[in-house]
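Enquirer: Supplied in structure tokens, the structure appears directly below.
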Amino acid sequence: MHAQFGQHPAPSHVIAHLSDPHLLAGGQRQYGRVDTEAGLRRALERLAHVHPAPQALVFTGDLADKAEPAAYARLREIVEPAAAAMGAQVVWTMGNHDERAEYAAGLFGEEATGPQDRVYDVAGLRVVALDTSVPGYHHGELEESQLAWLADVLATPAEHGTILAMHHPPIPLPMLRAAEIIELLDQHRLEEVVRGTDVREIMGGHFHFSTYSQFAGVPVSVASASCYTSDPAPVKRFVSGVDGHTSFTMMHVYADRVVHTVVPLAEAPEVSGFPSDVLAQVEALSPEERREALSRKDSPFNADFEDHSPRD
């Protein structure tokens, strides 16, 4: 058990939020350029260095770019061993690029053509994967039967509350107005079901960039994609997808709040830092000693930090 450095206790749950891998079969490249498998692998490699390890990997849709059965098989081959090594559950969610029959067969071994809504238990934290896809379209919608099902699920509170995972997040889009055309329709219907329940967080994807809002009094976190991203400030372009700036989001759940951290996938040169063995030295100090060593501006530690060469 690591020493507590600050005034907040450790989170009760650690969740990795990944989105839009858009995996393709047979080594195809998205738009002829983007290696979607490499992006997914890079995300999982970065996740392997996150401590504590996530208890669940939640993917919010567009798992397979063309809903190819071979792409779903490849997705499982890549993700499931990595998740098992971390001790994490995998939560899949439908996206507009997924197709229900292929998704159900490839990921769950089921024959199904209806909405792919499922409930997961992550150590007392309920995760509801909600299918917002509309067959034949890119926008999102929820059927009345889905809303009734969700209301029934939420009627009984979970031990640590509920997380909704959905591809089309119910938020405004001031930085990507084109996506308003393919947003979740009739969001007020979902709001009537969610408001006043134990839902603590809504996780979404679809937009290919990280953004945050609130819905029905609940925080909304949209994770970027692992394939390519949408440029929120393009030059003379209505929409611009760029091969870069990819990331995933870590979600740490506390008794009274949720903390989000965006983790970029690209490597960057280190300009300052200390090796990992410093952690044990810091943990061995008393709280007062830590504050003097790390907070006092003229402490030997901070003097060394200014002069320390990267990766020493």
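Starting from 1 in every chain, residues are counted up; chains themselves are A, B, ... following the order of the structure tokens, and ligands are numbered from 1 as listed.
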Excluding same-chain residues fewer than 6 positions from Asp152 in chain A, what lies within 12 Å of it counting only C-alpha atoms, as a PyMOL selection string?
Expert: chain A and resi 119+145-146+193-194+197
Enquirer: Keeping C-alpha atoms, export the residues of the selection given above as a PDB file, in the first residue's frame.
Expert:
ATOM      1  CA  VAL A 119     -24.808  -4.205 -17.871  1.00  0.00           C
ATOM      2  CA  SER A 145     -37.867   0.096 -25.363  1.00  0.00           C
ATOM      3  CA  GLN A 146     -34.238   0.975 -24.597  1.00  0.00           C
ATOM      4  CA  VAL A 193     -34.555   8.740 -17.436  1.00  0.00           C
ATOM      5  CA  VAL A 194     -31.150   9.760 -16.057  1.00  0.00           C
ATOM      6  CA  THR A 197     -30.752   8.396 -10.514  1.00  0.00           C
TER       7      THR A 197
END
Enquirer: Counting only C-alpha atoms, which residues of range 9-57 of chain A sit at most 7 Å from some atom of range 222-245 of chain A, and what is each one's closest atom pair with its distance in Å to one decimal, listed by chain and rising residue number, as a Markdown table?
Expert:
| residue | atom | partner | partner_atom | distance |
| --- | --- | --- | --- | --- |
| A:His17 | CA | A:Ala223 | CA | 6.5 |
| A:Leu18 | CA | A:Ala223 | CA | 6.3 |
| A:Ser19 | CA | A:Ala225 | CA | 5.1 |
| A:Asp20 | CA | A:Ala225 | CA | 4.8 |
| A:Pro21 | CA | A:Ser226 | CA | 5.2 |
| A:His22 | CA | A:Cys227 | CA | 6.7 |
| A:Val34 | CA | A:Cys227 | CA | 6.7 |
| A:Thr36 | CA | A:Cys227 | CA | 4.9 |
| A:Gly39 | CA | A:Ser226 | CA | 5.1 |
| A:Leu40 | CA | A:Ser226 | CA | 5.7 |
| A:Ala43 | CA | A:Ser226 | CA | 6.8 |
Enquirer: Contacts of Lys66 in chain A at 12 Å or less, counting only C-alpha atoms, minus same-chain residues fewer than 3 places along, as JSON, numbers by chain?
Expert: {"A": [21, 22, 23, 24, 25, 26, 28, 29, 30, 62, 63, 69, 70, 71, 72, 95, 96, 97, 98, 99, 100, 102, 103]}
Enquirer: Could you give me the residues within range 61-115 of chain A that DSSP places in strand (DSSP E), as a list in words?
Expert: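 In range 61-115 of chain A, DSSP puts these residues in strand (DSSP E): Gln89, Val90, Val91, Trp92 and Thr93 of chain A.
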